[in-house]
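**Student:** Provided herewith is a single structure, encoded as structure tokens, for subsequent inquiry.
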Amino acid sequence: MYGTRVAVLGAGIVGAACARELALAGIEVVVVDRGAAASATTSHGEGNVLVSDKGPGPELELARISRTLWPQVLAGIAERSAHAAHTVEWEPKGGIVVATTGAGAQGLARFAAGQRAAGVRAEVLDAEALAEAEPYVTREHTAALYYPEDAQVQPAGAAAALLGDALAAGASLRTGCEVLGAVTRGGRITGVRTSAGLLEADGFVNAAGPWSGELSTRLGAPVDVRPRRGDVLVTTPLPPMVFHKVYDADYVGAVGSSAEDLQTSAVVESTRGGSVLIGSSRRRVGFDDRLRPEVLSAVAAKALRLFPALAKVPVMRAYGGFRPYVPDHLPVIGADPRLAGLWHAGGHEGAGIGLSVGTGRLLRNLILGEPTVMDTTPFRVDRPAVLGESAQPVSEETA
Ligand SMILES: Cc1cc2nc3c(=O)[nH]c(=O)nc-3n(C[C@H](O)[C@H](O)[C@H](O)COP(=O)(O)OP(=O)(O)OC[C@H]3O[C@@H](n4cnc5c(N)ncnc54)[C@H](O)[C@@H]3O)c2cc1C
């Protein structure tokens, strides 16, 4: 593959992770973004690297691969730059899921049993152990589980560090450069028209996050990736009061739901700067980026049920972003069967930070024709959720 040129379209965390893997494998990589690196969804969410919220299946498998890769990737980044590794703010602090109703406790126990069968560590915390682990969490709980594998990063710092590795390995970055359309020859994409002129390459990776649908339409091979809005509250810096990533047991239901109307659940985590992030909501409202007071108060109300002590804490700001959503809740990773030379790496919804490094590895495996670290069939482009009615099965060789 030496001498091969690949253009990664989108410099969010997924594009950065793909660029890193490809550049380290010796491919000539150019990363293009219409904004700045990590300026879109990647800097508008939270940084949880979770296995706890995923049931058995391909997403959990990718999450576990990514969880194994993160420390390795970080070690590689640290070798290049200790400062870059520090800005990732990697915290393998574990997650705690708390149920506050009888039904919630039963659902959590069932969910965890399935996860354990798939190899996830999920430990029951009794009331005393929970109080010791999280002294400020509600005493009105019916069950709690500790997931030691859950971790956290600072997403923009992580994306910058991944991209920094790619650049150090010879990749280049063009910001303020919008991709407008494709140049094709004989059913193959050979270039993209951009706001800064023609960019030619042997392969192109659609890593445009929630705009993957729009970008792929411009390129002539549309995939069904849509925006799913999420909002987060940020407190002023506090003395330590949240020690793990803590969320309520309803969260898993909200993640798996496809409802268009508002879904909220409490997801609470401290950051290295001392602020506590309180998420989050899920709404399908297109790219409407207005903050809604009723959404923010619903998020706050759920958080107070979990952490009553937060009632006295000032909220310093709120922000929101658009998760890249695919109707079957699985990412799209692989070759486009309709347009040779086009690859997709997107649609990770609320898990793209955690899953980025596994996605980069899978994409590298596929582009280089290496054995893949897991079966990529569930993520293939030609599945009904991604291509709709026009989805046609293609053979493994072409996928
Ligand atoms: C509220 C909220 C909370 C979240 N919490 C978590 C969490 O805790 N853990 C987790 O793992 N995930 C979380 N996520 C999801 C995560 O943020 C996303 O899955 C991830 O950031 C997607 O990264 P990306 O690189 O695919 O997309 P993006 O970061 O959006 O990057 C895509 C890039 O493509 C560029 N682009 C688009 N169109 C074009 C074009 N035509 N030409 C050139 N460039 C283009 C954009 O400018 C952008 O920079 C959360 C998301 C939200 C909104």
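All residue names refer to the structure tokens as shown: chains lettered A, B, ... in order, residues numbered from 1 in each chain, ligands numbered from 1 in order.
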Per DSSP on the backbone, what are the strand (DSSP E) residues of range 104-298 of chain A, as a PDB file with C-alpha atoms, in the first residue's frame?

**Tutor:**
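The new file selection.pdb reads:
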ATOM      1  CA  GLU A 123     -20.175  -6.155  39.843  1.00  0.00           C
ATOM      2  CA  VAL A 124     -23.145  -5.726  42.166  1.00  0.00           C
ATOM      3  CA  ALA A 143     -29.821  -1.580  42.615  1.00  0.00           C
ATOM      4  CA  ALA A 144     -26.350  -0.521  41.528  1.00  0.00           C
ATOM      5  CA  LEU A 145     -23.706  -2.109  39.341  1.00  0.00           C
ATOM      6  CA  TYR A 146     -20.033  -1.242  38.971  1.00  0.00           C
ATOM      7  CA  TYR A 147     -18.399  -1.606  35.534  1.00  0.00           C
ATOM      8  CA  ALA A 151     -13.342   5.061  31.160  1.00  0.00           C
ATOM      9  CA  GLN A 152     -13.340   8.688  30.071  1.00  0.00           C
ATOM     10  CA  SER A 172      -1.425  16.470   6.039  1.00  0.00           C
ATOM     11  CA  LEU A 173      -4.461  18.463   7.192  1.00  0.00           C
ATOM     12  CA  ARG A 174      -6.528  20.949   5.206  1.00  0.00           C
ATOM     13  CA  VAL A 179     -16.073  18.829   0.046  1.00  0.00           C
ATOM     14  CA  LEU A 180     -18.636  19.670  -2.616  1.00  0.00           C
ATOM     15  CA  GLY A 181     -18.849  16.683  -4.953  1.00  0.00           C
ATOM     16  CA  ALA A 182     -17.113  13.703  -6.536  1.00  0.00           C
ATOM     17  CA  VAL A 183     -15.097  13.225  -9.686  1.00  0.00           C
ATOM     18  CA  THR A 184     -15.583   9.679 -10.953  1.00  0.00           C
ATOM     19  CA  ARG A 185     -14.102   7.580 -13.717  1.00  0.00           C
ATOM     20  CA  ARG A 188     -14.646   4.767  -9.307  1.00  0.00           C
ATOM     21  CA  ILE A 189     -14.175   7.936  -7.291  1.00  0.00           C
ATOM     22  CA  THR A 190     -10.861   9.505  -8.288  1.00  0.00           C
ATOM     23  CA  GLY A 191     -11.225  12.944  -6.778  1.00  0.00           C
ATOM     24  CA  VAL A 192     -13.397  15.336  -4.824  1.00  0.00           C
ATOM     25  CA  ARG A 193     -14.239  18.896  -5.734  1.00  0.00           C
ATOM     26  CA  THR A 194     -13.642  21.113  -2.739  1.00  0.00           C
ATOM     27  CA  GLY A 197      -9.999  23.033  -5.647  1.00  0.00           C
ATOM     28  CA  LEU A 198      -9.704  19.443  -6.841  1.00  0.00           C
ATOM     29  CA  LEU A 199      -8.305  16.796  -4.485  1.00  0.00           C
ATOM     30  CA  GLU A 200      -7.294  13.499  -6.110  1.00  0.00           C
ATOM     31  CA  GLY A 203      -9.413   6.217  -1.742  1.00  0.00           C
ATOM     32  CA  PHE A 204     -11.797   8.501   0.131  1.00  0.00           C
ATOM     33  CA  VAL A 205     -13.168   7.989   3.638  1.00  0.00           C
ATOM     34  CA  ASN A 206     -16.500   9.596   4.500  1.00  0.00           C
ATOM     35  CA  ARG A 226     -29.074  11.476  10.513  1.00  0.00           C
ATOM     36  CA  PRO A 227     -28.550  13.929  13.362  1.00  0.00           C
ATOM     37  CA  ARG A 228     -29.860  13.105  16.842  1.00  0.00           C
ATOM     38  CA  ARG A 229     -29.618  16.095  19.136  1.00  0.00           C
ATOM     39  CA  GLY A 230     -28.177  15.900  22.650  1.00  0.00           C
ATOM     40  CA  ASP A 231     -27.773  18.598  25.309  1.00  0.00           C
ATOM     41  CA  VAL A 232     -25.433  18.795  28.279  1.00  0.00           C
ATOM     42  CA  LEU A 233     -25.251  21.035  31.374  1.00  0.00           C
ATOM     43  CA  VAL A 234     -21.898  22.098  32.807  1.00  0.00           C
ATOM     44  CA  THR A 235     -21.523  23.071  36.466  1.00  0.00           C
ATOM     45  CA  LYS A 245     -19.056   7.875  35.487  1.00  0.00           C
ATOM     46  CA  VAL A 246     -22.535   7.526  37.036  1.00  0.00           C
ATOM     47  CA  TYR A 247     -25.785   7.121  35.167  1.00  0.00           C
ATOM     48  CA  ASP A 248     -29.314   5.970  35.794  1.00  0.00           C
ATOM     49  CA  GLN A 263     -35.687  11.043  25.766  1.00  0.00           C
ATOM     50  CA  THR A 264     -33.712  12.007  28.841  1.00  0.00           C
ATOM     51  CA  SER A 265     -31.648  10.120  31.365  1.00  0.00           C
ATOM     52  CA  ALA A 266     -29.090  11.194  33.931  1.00  0.00           C
ATOM     53  CA  VAL A 267     -25.467  10.745  32.935  1.00  0.00           C
ATOM     54  CA  VAL A 268     -23.137  12.468  35.364  1.00  0.00           C
ATOM     55  CA  GLU A 269     -19.365  12.738  35.345  1.00  0.00           C
ATOM     56  CA  SER A 270     -16.688  14.997  36.741  1.00  0.00           C
ATOM     57  CA  VAL A 276     -19.410  18.213  36.393  1.00  0.00           C
ATOM     58  CA  LEU A 277     -21.025  17.350  33.054  1.00  0.00           C
ATOM     59  CA  ILE A 278     -24.706  16.499  33.295  1.00  0.00           C
ATOM     60  CA  GLY A 279     -26.285  14.805  30.321  1.00  0.00           C
ATOM     61  CA  SER A 280     -28.163  14.065  28.416  1.00  0.00           C
ATOM     62  CA  SER A 281     -31.090  14.244  26.079  1.00  0.00           C
ATOM     63  CA  ARG A 282     -31.953  12.606  22.771  1.00  0.00           C
TER      64      ARG A 282
END

**Student:** Based on the backbone DSSP call, show me all residues of range 153-347 of chain A assigned alpha helix (DSSP H), as a ChimeraX atom specification.

**Tutor:** /A:155-168,212-219,250-256,293-306

**Student:** Mind dumping a table of every range 12-103 of chain A residue within 10 Å of range 336-347 of chain A, with the nearest atom pair and its distance in Å to one decimal, using only C-alpha atoms, sorted by chain and rising number, as JSON lines?

**Tutor:**
{"residue": "A:Val14", "atom": "CA", "partner": "A:Ala345", "partner_atom": "CA", "distance": 7.1}
{"residue": "A:Gly15", "atom": "CA", "partner": "A:Ala345", "partner_atom": "CA", "distance": 7.7}
{"residue": "A:Cys18", "atom": "CA", "partner": "A:Ala345", "partner_atom": "CA", "distance": 8.2}

**Student:** Limited to C-alpha atoms, could you put the picked residues into a file as a compact mmCIF listing (two decimals), in the first residue's frame?

**Tutor:**
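So the final result, stored in out-v4.txt, reads:
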# COMPACT_ATOMS: atom_id res chain seq x y z
CA VAL A 14 -13.43 9.24 13.88
CA GLY A 15 -11.57 10.83 10.94
CA CYS A 18 -8.76 6.56 10.80

**Student:** In Å, rounded to a single decimal, give me how far CA of Gly95 in chain A is from CA of Gly354 in chain A.

**Tutor:** 13.6 Å

**Student:** For each of A:Leu387, A:Ala40, A:Ala249, A:Val73, take the minimum atom-to-atom distance to Trp211 in chain A, counting only C-alpha atoms, then give the residue where this is smallest.

**Tutor:** A:Ala40

**Student:** Using Å and a single decimal, report how far CA of Asp224 in chain A sits from CA of Ala16 in chain A.

**Tutor:** 21.9 Å

**Student:** May I ask which of the residues A:Leu262, A:Ile77, A:Ala169, A:Leu355 is the closest one to Val29 in chain A, counting only C-alpha atoms?

**Tutor:**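 Once distances to Val29 in chain A are computed over only C-alpha atoms, the minimum belongs to A:Ala169.
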
**Student:** Using only C-alpha atoms, which protein or nucleic acid residues come within 9 Å of range 3-12 of chain A? Drop anything in the same chain fewer than 5 positions from it, and give the result as a ChimeraX atom specification.

**Tutor:** /A:17-19,22,26-43,156,159-160,163,173,175,178-179,199-209,215

**Student:** Between A:Thr100, A:Thr377, A:Thr236, A:Thr217, single out the one closest to ligand 1, counting only C-alpha atoms and all ligand atoms.

**Tutor:**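 Under the stated criterion, the closest residue is A:Thr217.
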
**Student:** Might you pull out every residue within 9 Å of Pro331 in chain A, with only C-alpha atoms counted and same-chain residues fewer than 2 positions away left off, and present them as a list of chain:residue names?

**Tutor:** A:Glu59, A:Pro324, A:Tyr325, A:Val326, A:Asp328, A:His329, A:Ile333, A:Ala345, A:Gly346, A:Gly347, A:His348, A:Glu349, A:Gly352, A:Thr359, A:Pro378, A:Phe379, A:Arg380

**Student:** Only C-alpha atoms, please: the residues just picked out, written as a short mmCIF file (atom, residue, chain, number, x, y, z; two decimals), in the first residue's frame.

**Tutor:**
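Saved the output as part.cif:
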data_model
loop_
_atom_site.label_atom_id
_atom_site.label_comp_id
_atom_site.auth_asym_id
_atom_site.auth_seq_id
_atom_site.Cartn_x
_atom_site.Cartn_y
_atom_site.Cartn_z
CA GLU A 59 -21.39 -2.72 19.06
CA PRO A 324 -24.62 10.66 13.99
CA TYR A 325 -27.61 8.32 14.09
CA VAL A 326 -28.34 5.28 11.93
CA ASP A 328 -30.46 0.38 13.46
CA HIS A 329 -28.07 2.04 15.98
CA ILE A 333 -17.77 0.98 8.49
CA ALA A 345 -16.59 5.42 8.84
CA GLY A 346 -19.46 6.99 10.71
CA GLY A 347 -22.87 6.71 12.32
CA HIS A 348 -21.61 5.94 15.85
CA GLU A 349 -24.42 7.91 17.47
CA GLY A 352 -18.19 7.70 18.57
CA THR A 359 -13.18 2.01 13.99
CA PRO A 378 -22.93 -5.97 10.91
CA PHE A 379 -21.39 -2.58 9.99
CA ARG A 380 -21.47 -3.03 6.23
#

**Student:** Please indicate the distance in Å from CA of Ala166 in chain A to CA of Trp90 in chain A, rounded to one decimal place.

**Tutor:**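 Rounded to one decimal, the two atoms are 19.2 Å apart.
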
**Student:** Between A:Leu125, A:Arg110, A:Gly334, A:Leu60, which one has atoms that come closest to Leu368 in chain A, using only C-alpha atoms?

**Tutor:** A:Gly334

**Student:** Restricting the calculation to only C-alpha atoms, which member of A:Arg323, A:Lys302, A:His83, A:His244 is positioned closest to Leu130 in chain A?

**Tutor:**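 Checking each candidate against Leu130 in chain A, we get A:His244 as the closest.
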
**Student:** For Ala303 in chain A, which residue out of A:Asn48, A:Gly360, A:Asp250, A:Asp288 is the nearest one, using only C-alpha atoms?

**Tutor:**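 Between A:Asn48, A:Gly360, A:Asp250, A:Asp288, the residue approaching Ala303 in chain A most closely is A:Asp250.
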
**Student:** Hey, what's within 7 Å of Ile65 in chain A if we count only C-alpha atoms and toss same-chain stuff fewer than 4 positions away? As a count of residues only, please?

**Tutor:** 3
